[in-house]
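Novice: This is the structure I have questions about; it appears just below.
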Amino acid sequence: MEKTRTDAFPITMDSLERKETICIFGTGDFGRSLGFKMLQCGYSIVFGSRTPRMSSLLPNGADVLSYSEAAQKSDIIIITVHREHYNFLTELTEVLHGKILVDVSNNRKVNQYPESNAEYLAQLVPGAHVVKAFNTISAWALQSGALDASRQVFVCGNDRKAKQRVMDIVRGLGLTPLDKGSLMAASEIENYPLQLFPMWRFPFYLSAALCIFFFLYCVIRDVIYPYVNKNEDSTFRLAISIPNRVFPITALTLLALVYLPGVIAAILQLYRGTKYRRFPDWLDHWMLCRKQLGLMALGFACLHVLYALVIPIRFYVRWRIRNLTVTQAILKKEDPFSTSSAWLSDSYVALGILGFFLFVLLGITSLPSVSNTVNWREFRFIQSKLGYLTLILCTAHTLVYGGKRFLSPSILRWYLPAAYILALIIPCTVLVIKFILIMPCIDKTLTRIRQGWERNSKHSKSALNAKSDI
Amino acid sequence: MEKTRTDAFPITMDSLERKETICIFGTGDFGRSLGFKMLQCGYSIVFGSRTPRMSSLLPNGADVLSYSEAAQKSDIIIITVHREHYNFLTELTEVLHGKILVDVSNNRKVNQYPESNAEYLAQLVPGAHVVKAFNTISAWALQSGALDASRQVFVCGNDRKAKQRVMDIVRGLGLTPLDKGSLMAASEIENYPLQLFPMWRFPFYLSAALCIFFFLYCVIRDVIYPYVNKNEDSTFRLAISIPNRVFPITALTLLALVYLPGVIAAILQLYRGTKYRRFPDWLDHWMLCRKQLGLMALGFACLHVLYALVIPIRFYVRWRIRNLTVTQAILKKEDPFSTSSAWLSDSYVALGILGFFLFVLLGITSLPSVSNTVNWREFRFIQSKLGYLTLILCTAHTLVYGGKRFLSPSILRWYLPAAYILALIIPCTVLVIKFILIMPCIDKTLTRIRQGWERNSKHSKSALNAKSDI
Amino acid sequence: MEKTRTDAFPITMDSLERKETICIFGTGDFGRSLGFKMLQCGYSIVFGSRTPRMSSLLPNGADVLSYSEAAQKSDIIIITVHREHYNFLTELTEVLHGKILVDVSNNRKVNQYPESNAEYLAQLVPGAHVVKAFNTISAWALQSGALDASRQVFVCGNDRKAKQRVMDIVRGLGLTPLDKGSLMAASEIENYPLQLFPMWRFPFYLSAALCIFFFLYCVIRDVIYPYVNKNEDSTFRLAISIPNRVFPITALTLLALVYLPGVIAAILQLYRGTKYRRFPDWLDHWMLCRKQLGLMALGFACLHVLYALVIPIRFYVRWRIRNLTVTQAILKKEDPFSTSSAWLSDSYVALGILGFFLFVLLGITSLPSVSNTVNWREFRFIQSKLGYLTLILCTAHTLVYGGKRFLSPSILRWYLPAAYILALIIPCTVLVIKFILIMPCIDKTLTRIRQGWERNSKHSKSALNAKSDI
C-alpha cells in the first residue's frame with residue numbers, strides 16, 4: 001500500500017518547482033482521482049472536507065483541511081460534491097468571493113433540474129467565477145491513464161480569465177480543453193455524458209422494425225409455404241438465404257428514406273410558396289437523422305455484400321450445383337449458352353457493385369474528420385449528387401435482379417409477392433418525384449423559394465431581397 | 001406564420017439576461033438567417049437597412065434601423081452586403097470608428113478581385129477592426145440547424161481582441177471557430193467555399209482517361225476481335241469481364257504514378273547536384289496530388305476486389321464450369337492435379353490479397369484524423385516503406401497472373417498484347433529505378449544532397465553547414 | 001539559380017506592409033527552410049550566425065548578422081542550433097533579456113538528457129521567455145509545402161504572452177498550433193518525433209510470434225505429415241490454405257487477449273478487496289495497448305475474410321469439385337441432401353459474417369475522429385458490450401466450424417490436435433471467467449470495489465465515501 005503512494009510522484013518531481021496550489025472540495029472517488037492526477041502533473045493539492053481527517057485513501061502529499069481553510073489556500077476550487085449538497089457553499093460566500101469555482105458535477109437524468117448545476121452554483125455564490133469542466137472525464141480514466149475515449153474536456157464559463165486558467169490546468173493534465181462559450185452551455189455539457197446515441201435511436205428502431213417485418217415475410221414465403229405445400233424442410237434457409245434477402249431490402253428502403261424527407265420538404269415548400277414556415281416536427285426530426293439512417297443502410301448493405309459473396313462456399317449451393325451437373329452429365333445433354341441470361345446476371349451484379357462502392361464513399365465522407373475538410377459546396381455535391389446516383393444504381397440493381405421474374409405468375413405465394421418487389425416501392429417513388437422536381441419549370445420556382453422569394457408575399461420585396469444584400 | 005415567429009424563442013429565454021447586442025447590416029437571406037440563429041442563442045439583434053421598415057420576414061424581436069442608427073447600438077457589426085455595394089460604408093466612417101466589422105461575403109469566382117473582400121473593407125473603413133468570419137456557413141444550415149457539414153468557421157483578422165470577440169460569438173452559436181491568423185488569410189478563406197475538390201481534378205481526369213483508354217483497348221481485343229474472327233457475341237463481357245481488367249490496370253498504373261514523381265525528383269537532384277533549385281511546375285503539382293492519386297488507385301483496387309470476388313456467382317462462369325465438368329464426365333476422363341498450376345493460382349491470389357490489404361492500410365492512415373496522430377517519422381515510414389511494399393506486391397500479383405502466358409504466341413491479337421502487359425510498364429520502371437537509387441553509392445550522395453550539400457558549391461560550407469546548426 | 005530566389009517572393013508581397021521581423025540563430029538546413037517559409041508568408045528575417053557572411057544558399061531578402069546584432073533586431077529569436085552548442089547563448093544573456101526564445105531542437109534518442117532541451121535553454125538564459133515549437137515539422141515539408149503529414153505544431157512555454165505570439169506565427173505559416181501547456185511538456189514534445197509506433201511494438205511482436213508459431217504448427221500437420229505418411233506434395237497449401245488457418249486463429253487469440261487483462265484485473269481487485277493498489281506493471285502495460293491489440297486482430301480478421309472469399313476461385317478447389325462431380329457422374333450416384341450439414345455450414349458462415357461486421361464497427365469507432373464524438377458512456381457501451389458480443393460470435397463461429405469434427409479420432413496427427421482447437425483455449429477461458437464475473441453476487445462486490453469501497457478498510461468510511469461527494 002505504501003509503495004503505491006510513493007509511486008504517485010514522478011522521479012523528476014523534486015527538481016521542478018511546484019506549480020500552483022489547487023483546492024478540491026469533497027473527498028469522493030472522483031475528487032481523489034483528480035487530486036492524484038494533479039499531484040502527478042506537479043500541482044499542489046488541498047482537499048476541503050466536512051470532516052478534515054487525513055486518510056490513507058487520499059493521495060499522499062495532499063493536505064486535508066476544513067472547507068474554509070482549504071479555500072483560502074487557492075484561487076481555484078474544484079467542487080466534487082453532488083448538486084443536492086451545494087447549500088453548504090452559501091456559508092462560505094465570503095471566502096469564495098473572487099475565486100474560480102469549477103463545477104464537475106453530472107446528473108442522473110437529462111434535464112433533471114430547470115437550470116444547469118453550474119448555473120445553480122453561480123446563483124448560490126454570486127461573487128465567484130463559475131467554470132464548468134471535467135464532467136465528461138471518468139474517475140477511472142483519470143487514475144489509470146488509459147484515456148482511450150475522448151480526451152476532450154468541455155469548458156464553459158462567463159469569465160474569460162477564469163476559463164483560461166481552467167483550460168491551462170486541463171492542458172497541464174494532458175487533456176484537450178474545448179471552449180464551449182458562456183455558462184449557458186453548461187446544461188448541454190451536463191447532458192452530454194448521459195446520452196447513449198440519442199440520434200441513433202430512431203434509425204435503430206426503424207431498421208429493427210423493418211428487419212423483423214421482412215424476416216417474417218420471407219419466413220412465410222420461403223419456409224412455411226414450402227412446408228405446408230410440399231412438406232419440404234427449408235429451415236436451414238434461416239441462417240443465410242433469408243438474411244440475404246432481408247438485409248438488401250432493409251438497406252434499400254432505409255437509403256430511400258434518407259432522400260424521402262428532402263422530397264417531402266420540397267413539395268411542402270412548393271405548396272406553401274415560401275420557405276419561411278417551419279416544417280412539421282416529425283419532418284424536422286427525420287431530416288436531422290438522415291445521416292444516421294444512411295449509415296444504418298450502409299451497414300445492411302455491407303452485410304448483404306458479405307452474405308452474397310459467401311454464396312459459392314455454402315454447402316447447399318455446392319450440393320445443388322453438383323447435382324445439377326451430375327444430372328446433366330447422366331443425360332449427356334449440353335446446356336446452350338444464353339447471352340441474355342449472361343447479360344442480366346452480369347449487369348445486375350455490376351450495378352450492385354457500383355452502387356455499393358459509391359455508398360461506401362458516401363459513408364467515408366461522413367466520417368467527422370473527412371467532412372471537416374470538405375466545404376459546403378463539396379458536401380452538397382457528395383451527399384446530394386453522389387447520394388442520388390447511389391440510390392439510382394441500387395434501385396436498378398434490384399430491378400434487374402427481378403428481371404424476367406416480374407411477370408412470372410409463380411412469383412405469388414399465398415398472394416404474397418416476392419419481398420424484393422416490396423423493397424422497390426419507396427425508392428421508385430422517391431426517384432419519380434425527384435425526377436419531376438428537377439424538371440426546369442418546377443426547379444426554377446423551387447430555387448426562387450429557397451432564395452427567399454415568397455409567392456403570396458405582400459411585403460415590399462425591394463427592401464428585403466435588395467440585390468445588394470447577401 | 002405567426003406561430004413560426006414565436007417558435008424562434010426558446011422557452012428558457014426570459015429567465016436569462018440577454019447577451020450583448022449585435023448589429024447586422026443588410027436584410028438578405030443570409031443576414032436574416034444569422035439574425036434568427038443569434039436571437040435563438042440569446043443575443044439582441046439590430047438590423048441596419050437602407051430602407052428601415054419592419055417586415056414579417058425579419059425575425060421577431062429584432063429591430064430595424066437605418067445604418068448609422070443601428071451601428072450605434074453595437075460594437076460588432078456584421079456586414080451581410082455584397083462587396084460591390086460596400087461603398088455606402090465610407091459615409092459611415094465616423095460611426096464605425098473603433099467598431100468590429102465582420103465580413104461574411106463570398107465571391108462568385110476564385111480570386112475574382114485583386115484583394116480579398118475583407119482587406120478591401122479594411123481599406124474602406126480604416127478606423128474599424130475588420131474580422132473575416134461565417135463565410136463558409138450556409139444560410140440554410142444556420143436556419144435548419146442541420147449542420148451535417150463542417151461546423152468550422154474560419155476566422156481571421158489583424159486585431160487580436162476583435163478576433164477573440166468574434167470567436168466567442170461563433171462558439172455561442174454552437175459552431176467551432178478556427179483562427180487562421182491575420183487578415184492576409186482572408187483571400188484563402190474567401191476562396192475556400194468556391195472550391196469543388198481542386199486537388200482531385202487532375203487525378204480524376206487522369207484516371208478517367210486511363211479507364212477509357214484501357215476499356216476501348218479491351219473492347220477491341222475481347223469483343224471486336226472475336227466477333228470479326230469467329231463471329232462470336234461477347235458483348236456480355238462489357239458488364240464484368242472487361243471492367244475487371246480495366247480497374248486493376250488503372251489501379252496499378254495510378255499507384256505507380258504516385259511513386260514516379262519521387263523517383264524523377266531524386267534523379268533531378270542527383271543530376272543537378274543540389275536540392276536548392278525548384279522542380280519544374282508540373283513535377284511540383286504532381287507531387288502535391290500524390291495522396292489523391294493514391295486514393296483514386298485504392299478506389300479502383302476496391303472495385304477490382306469486388307469484381308473478382310463475384311466471379312463464381314456469375315452465370316457465365318457457372319455455365320462454363322458446368323459444361324467443362326459435363327464434357328469431362330461424358331469422356332470419363334480424370335483430370336490429373338497440376339501442383340505448378342495450383343502454386344501459380346494460389347500465389348497470385350495471395351499476393352493480390354496482401355497487396356490490397358496494405359493498400360487499404362495506407363488509405364486508412366491518410367484519413368485526416370489518423371494522420372494527425374502520427375509523427376513525421378511514422379508518416380514517412382508508412383507512406384514510403386509500406387507504400388513501396390504495396391507497389392511490389394501488386395506488381396508481383398500482376399506478373400504471376402501473367403505466369404506462363406507471357407511467352408504464349410496466342411496472346412497477341414491484331415498485334416495487340418494483353419492489357420495486363422501494358423499495366424506492368426510503369427510499375428516495373430519505377431521499381432527498377434528505385435532499386436538503383438537505393439544502392440549504397442547513389443543513396444549516400446542523395447542523402448548528402450538532401451541534407452543541404454551541393455556538388456558545385458563554391459561557398460564556404462563551414463558557415464552554412466556548420467555542424468552546430470540544425 | 002537566381003530564378004529560384006525571386007520565386008520565393010509572392011507577387012502580392014510588395015503591396016503588403018511587412019509583418020514583424022523574426023530572428024533566426026543558425027543557418028543550417030532547417031533554419032534556412034524556416035526562413036524561406038517565413039519570408040514567403042510576409043515576415044522579415046534576420047539570420048544570426050557565428051560567421052555572418054551572406055551566401056547564395058540563404059533565402060534572398062534575409063540579412064545575416066552576428067548573433068548579438070541579429071538578436072537586437074527582433075523580439076523573437078528562433079534557435080536552430082543543436083543543444084550541444086547552446087553555451088554560446090550564455091554570453092548573450094544581456095541582449096536576450098526579455099526576448100522570446102523559440103527552441104526547435106530535437107534529440108537523437110528518446111530522453112537523451114535528464115531535462116528537455118527547452119528547459120535546459122531556459123536555465124541557460126534565465127531572463128528570456130523560452131517557448132518550444134516547430135520541432136515536429138520537417139525542413140523538407142516546410143520548403144516543399146507538401147505537408148501531407150500532420151500540420152500540427154506543438155507549442156509549450158511558461159509565459160502565456162510569449163506562447164501566444166509564437167502560436168500566431170505558427171498560424172501565419174499556415175500550420176496549426178497546439179497548446180501543450182507549460183515548459184514541463186517540452187520533454188514529451190521532444191520525444192514525440194523520435195517515436196516509431198511505440199504503442200504498436202508489443203502487439204506487433206506478439207502477433208508476429210503467434211503467426212509464426214501457428215504457421216509452423218500447420219506446416220507440420222498439413223505439409224510434413226502427409227509427405228512423410230503418404231508421400232503427398234502439399235507445398236501449394238503454403239500460399240492460401242495455411243495462411244487461411246493461421247490468420248483466423250491469430251485474430252481470435254488476439255481478440256481474446258484484448259479482454260483477458262480486464263478479466264485478470266477484476267479478479268485481482270476481488271482478491272485484494274480494493275481498487276487502490278496498483279496493478280503489476282505488465283498488466284498496466286497490457287491494458288494500455290488493448291486498442292492496438294484489437295486493431296491487429298481486426299487486420300488478421302480482414303485477411304481471413306479475403307482469403308476465405310477467394311476459395312471458390314482457387315485452382316485447387318475448382319479441380320477438386322470438378323473431379324468429385326465427375327466421379328459422381330460416372331458412378332451415376334445421386335448425393336442426398338443433408339439438412340444438418342446445410343445448417344452447420346450456413347450457421348458457421350453466418351456467425352463469422354456477423355462477428356466480422358461487429359468487429360469492423362469496433363474498428364471504425366476507434367478512429368480518433370469518431371471516438372472524439374462519442375461520450376464516455378457510449379464508448380464503454382461499444383468497447384465492452386459490442387466487444388464481448390464480437391468475441392462471443394467469433395468464438396461460436398470457430399466452435400461451429402469444428403462441428404462434428406471435434407470427436408473424430410482422425411483429427412490427431414502425430415498427437416497434434418487441429419490448430420483451431422488451440423485457437424479456442426483463450427477465448428473460451430475469457431468468456432467463462434467473464435460469465436462468472438457478471439453473476440449478480442460477484443458483480444455487486446466488484447461494483448462496490450470500483451466505487452471506492454474497501455474490504456479491509458479500517459478508516460472511517462463516512463469521511464471518504466460521504467454520500468455528498470462525487
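Every chain in the C-alpha cells has a letter given in the order shown (A, B, ...), and although residue numbers restart at 1 in each chain, ligands are simply numbered from 1 in the order shown.
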Distance cut-off 6 Å, counting only C-alpha atoms - which residues of chain B neighbour chain A? Return them as a list of chain:residue names.
Specialist: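 In the required form, that comes to B:Gly26, B:Thr27, B:Gly28, B:Phe30, B:Thr80, B:Val81, B:His82, B:Ala146, B:Ser150, B:Arg171, B:Gly172, B:Pro193, B:Leu196, B:Phe236, B:Ala239, B:Phe315, B:Tyr316, B:Arg322, B:Val326, B:Pro368, B:Ser369.
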Novice: Considering only C-alpha atoms, return as a ChimeraX atom specification whatever protein or nucleic-acid residues lie within 9 Å of Leu121 (chain C), sequence-local ones (same chain, fewer than 4 positions apart) excluded.
Specialist: /C:83,86,89,101,103,116-117,125-126,130
Novice: Let's have the selection written as a PDB file, in the first residue's frame, with all heavy atoms.
Specialist:
```pdb
ATOM      1  N   ARG C  83      21.531  21.366 -29.375  1.00  0.00           N
ATOM      2  CA  ARG C  83      21.618  21.584 -27.935  1.00  0.00           C
ATOM      3  C   ARG C  83      23.056  21.605 -27.446  1.00  0.00           C
ATOM      4  O   ARG C  83      23.399  22.403 -26.563  1.00  0.00           O
ATOM      5  CB  ARG C  83      20.880  20.442 -27.232  1.00  0.00           C
ATOM      6  CG  ARG C  83      20.950  20.510 -25.719  1.00  0.00           C
ATOM      7  CD  ARG C  83      20.738  19.119 -25.119  1.00  0.00           C
ATOM      8  NE  ARG C  83      20.998  19.124 -23.698  1.00  0.00           N
ATOM      9  CZ  ARG C  83      20.051  19.029 -22.762  1.00  0.00           C
ATOM     10  NH1 ARG C  83      18.815  18.941 -23.093  1.00  0.00           N
ATOM     11  NH2 ARG C  83      20.370  19.033 -21.476  1.00  0.00           N
ATOM     12  N   TYR C  86      24.553  25.115 -27.286  1.00  0.00           N
ATOM     13  CA  TYR C  86      23.776  26.206 -26.694  1.00  0.00           C
ATOM     14  C   TYR C  86      24.636  27.160 -25.855  1.00  0.00           C
ATOM     15  O   TYR C  86      24.231  28.291 -25.607  1.00  0.00           O
ATOM     16  CB  TYR C  86      22.674  25.643 -25.776  1.00  0.00           C
ATOM     17  CG  TYR C  86      21.407  25.219 -26.482  1.00  0.00           C
ATOM     18  CD1 TYR C  86      21.309  25.254 -27.868  1.00  0.00           C
ATOM     19  CD2 TYR C  86      20.294  24.797 -25.763  1.00  0.00           C
ATOM     20  CE1 TYR C  86      20.156  24.845 -28.501  1.00  0.00           C
ATOM     21  CE2 TYR C  86      19.139  24.400 -26.391  1.00  0.00           C
ATOM     22  CZ  TYR C  86      19.079  24.420 -27.770  1.00  0.00           C
ATOM     23  OH  TYR C  86      17.934  24.028 -28.388  1.00  0.00           O
ATOM     24  N   LEU C  89      25.068  30.949 -25.982  1.00  0.00           N
ATOM     25  CA  LEU C  89      23.972  31.843 -25.618  1.00  0.00           C
ATOM     26  C   LEU C  89      24.207  32.518 -24.274  1.00  0.00           C
ATOM     27  O   LEU C  89      23.675  33.597 -24.015  1.00  0.00           O
ATOM     28  CB  LEU C  89      22.656  31.064 -25.587  1.00  0.00           C
ATOM     29  CG  LEU C  89      22.148  30.594 -26.963  1.00  0.00           C
ATOM     30  CD1 LEU C  89      21.105  29.528 -26.811  1.00  0.00           C
ATOM     31  CD2 LEU C  89      21.591  31.785 -27.752  1.00  0.00           C
ATOM     32  N   LEU C 101      12.613  33.212 -26.815  1.00  0.00           N
ATOM     33  CA  LEU C 101      13.494  32.256 -27.478  1.00  0.00           C
ATOM     34  C   LEU C 101      12.674  31.022 -27.863  1.00  0.00           C
ATOM     35  O   LEU C 101      12.025  30.411 -27.014  1.00  0.00           O
ATOM     36  CB  LEU C 101      14.627  31.824 -26.553  1.00  0.00           C
ATOM     37  CG  LEU C 101      15.577  32.917 -26.043  1.00  0.00           C
ATOM     38  CD1 LEU C 101      16.760  32.280 -25.328  1.00  0.00           C
ATOM     39  CD2 LEU C 101      16.073  33.795 -27.180  1.00  0.00           C
ATOM     40  N   ASP C 103      12.722  27.309 -29.017  1.00  0.00           N
ATOM     41  CA  ASP C 103      13.567  26.126 -29.112  1.00  0.00           C
ATOM     42  C   ASP C 103      12.932  25.154 -30.103  1.00  0.00           C
ATOM     43  O   ASP C 103      11.813  24.687 -29.885  1.00  0.00           O
ATOM     44  CB  ASP C 103      13.702  25.484 -27.725  1.00  0.00           C
ATOM     45  CG  ASP C 103      14.678  24.344 -27.716  1.00  0.00           C
ATOM     46  OD1 ASP C 103      14.483  23.382 -28.479  1.00  0.00           O
ATOM     47  OD2 ASP C 103      15.646  24.392 -26.956  1.00  0.00           O
ATOM     48  N   SER C 116      14.650  18.414 -20.677  1.00  0.00           N
ATOM     49  CA  SER C 116      14.408  18.687 -22.088  1.00  0.00           C
ATOM     50  C   SER C 116      15.312  19.825 -22.549  1.00  0.00           C
ATOM     51  O   SER C 116      15.806  20.632 -21.758  1.00  0.00           O
ATOM     52  CB  SER C 116      12.950  19.062 -22.294  1.00  0.00           C
ATOM     53  OG  SER C 116      12.712  20.322 -21.709  1.00  0.00           O
ATOM     54  N   ASN C 117      15.529  19.902 -23.863  1.00  0.00           N
ATOM     55  CA  ASN C 117      16.364  20.963 -24.426  1.00  0.00           C
ATOM     56  C   ASN C 117      15.812  22.333 -24.089  1.00  0.00           C
ATOM     57  O   ASN C 117      16.554  23.265 -23.777  1.00  0.00           O
ATOM     58  CB  ASN C 117      16.441  20.819 -25.946  1.00  0.00           C
ATOM     59  CG  ASN C 117      17.031  19.493 -26.357  1.00  0.00           C
ATOM     60  OD1 ASN C 117      17.473  18.723 -25.506  1.00  0.00           O
ATOM     61  ND2 ASN C 117      17.045  19.228 -27.658  1.00  0.00           N
ATOM     62  N   VAL C 125      19.521  30.797 -20.124  1.00  0.00           N
ATOM     63  CA  VAL C 125      19.182  32.209 -20.332  1.00  0.00           C
ATOM     64  C   VAL C 125      17.971  32.545 -19.480  1.00  0.00           C
ATOM     65  O   VAL C 125      16.847  32.635 -19.975  1.00  0.00           O
ATOM     66  CB  VAL C 125      18.884  32.477 -21.832  1.00  0.00           C
ATOM     67  CG1 VAL C 125      18.944  33.972 -22.106  1.00  0.00           C
ATOM     68  CG2 VAL C 125      19.821  31.721 -22.739  1.00  0.00           C
ATOM     69  N   PRO C 126      18.170  32.735 -18.180  1.00  0.00           N
ATOM     70  CA  PRO C 126      17.028  32.840 -17.265  1.00  0.00           C
ATOM     71  C   PRO C 126      16.137  34.040 -17.567  1.00  0.00           C
ATOM     72  O   PRO C 126      14.943  34.018 -17.278  1.00  0.00           O
ATOM     73  CB  PRO C 126      17.675  32.991 -15.884  1.00  0.00           C
ATOM     74  CG  PRO C 126      19.134  32.696 -16.077  1.00  0.00           C
ATOM     75  CD  PRO C 126      19.461  32.942 -17.497  1.00  0.00           C
ATOM     76  N   VAL C 130      11.264  31.207 -22.823  1.00  0.00           N
ATOM     77  CA  VAL C 130      11.508  30.101 -23.745  1.00  0.00           C
ATOM     78  C   VAL C 130      10.194  29.450 -24.141  1.00  0.00           C
ATOM     79  O   VAL C 130       9.351  29.167 -23.291  1.00  0.00           O
ATOM     80  CB  VAL C 130      12.463  29.067 -23.122  1.00  0.00           C
ATOM     81  CG1 VAL C 130      12.596  27.848 -24.028  1.00  0.00           C
ATOM     82  CG2 VAL C 130      13.812  29.702 -22.876  1.00  0.00           C
TER      83      VAL C 130
END
```
Novice: List every residue of region 188-380 of chain C that DSSP, applied to the backbone of this structure, places in alpha helix (DSSP H), and write the result as a PyMOL selection string.
Specialist: chain C and resi 188-191+201-219+225-230+243-272+281-288+290-309+315-331+339-365+368-371+376-380
Novice: Which one is closest to Gly157 (chain A): A:Met439, A:Ala186, A:Ile392, A:Val228? Count only C-alpha atoms.
Specialist: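 Result for the nearest residue to Gly157 (chain A): A:Ala186.
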Novice: I'd like the neighbourhood of Arg50 (chain C) as a VMD selection string, where a residue qualifies if any of its atoms comes within 9 Å (using only C-alpha atoms), though same-chain residues fewer than 2 positions away should be ignored.
Specialist: (chain B and resid 463) or (chain C and resid 25 to 26 48 52 65 to 67)
Novice: Could you write those residues out with N, CA, C and O atoms, as a CSV table (one decimal), in the first residue's frame?
Specialist:
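As written to disk, selection_36.csv reads:
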```
chain,number,residue,atom,x,y,z
B,463,ALA,N,30.4,27.9,-43.0
B,463,ALA,CA,29.4,28.9,-42.5
B,463,ALA,C,28.0,28.3,-42.5
B,463,ALA,O,27.2,28.5,-41.6
C,25,PHE,N,18.6,32.2,-35.2
C,25,PHE,CA,20.0,31.8,-34.9
C,25,PHE,C,20.4,30.5,-35.6
C,25,PHE,O,19.7,29.5,-35.3
C,26,GLY,N,21.4,30.6,-36.4
C,26,GLY,CA,21.8,29.3,-37.1
C,26,GLY,C,21.4,29.3,-38.5
C,26,GLY,O,20.3,29.7,-38.8
C,48,GLY,N,21.1,35.1,-37.5
C,48,GLY,CA,22.2,35.3,-36.6
C,48,GLY,C,23.2,34.1,-36.8
C,48,GLY,O,22.8,33.0,-36.9
C,52,PRO,N,29.1,35.7,-39.9
C,52,PRO,CA,28.0,36.4,-40.6
C,52,PRO,C,28.4,36.8,-42.0
C,52,PRO,O,28.9,37.9,-42.3
C,65,LEU,N,23.6,38.6,-39.8
C,65,LEU,CA,24.4,39.4,-38.9
C,65,LEU,C,25.0,38.5,-37.8
C,65,LEU,O,24.8,37.3,-37.8
C,66,SER,N,25.9,39.2,-37.0
C,66,SER,CA,26.4,38.4,-35.8
C,66,SER,C,25.2,38.1,-34.9
C,66,SER,O,24.2,38.8,-34.9
C,67,TYR,N,25.4,37.2,-34.0
C,67,TYR,CA,24.4,36.8,-33.1
C,67,TYR,C,23.8,38.0,-32.3
C,67,TYR,O,22.6,38.2,-32.3
```
Novice: As a ChimeraX atom specification, list the residues of region 89-198 of chain A assigned to strand (DSSP E or B) by DSSP on the backbone atoms of this structure.
Specialist: /A:100-103,129-132,152-157,176-179
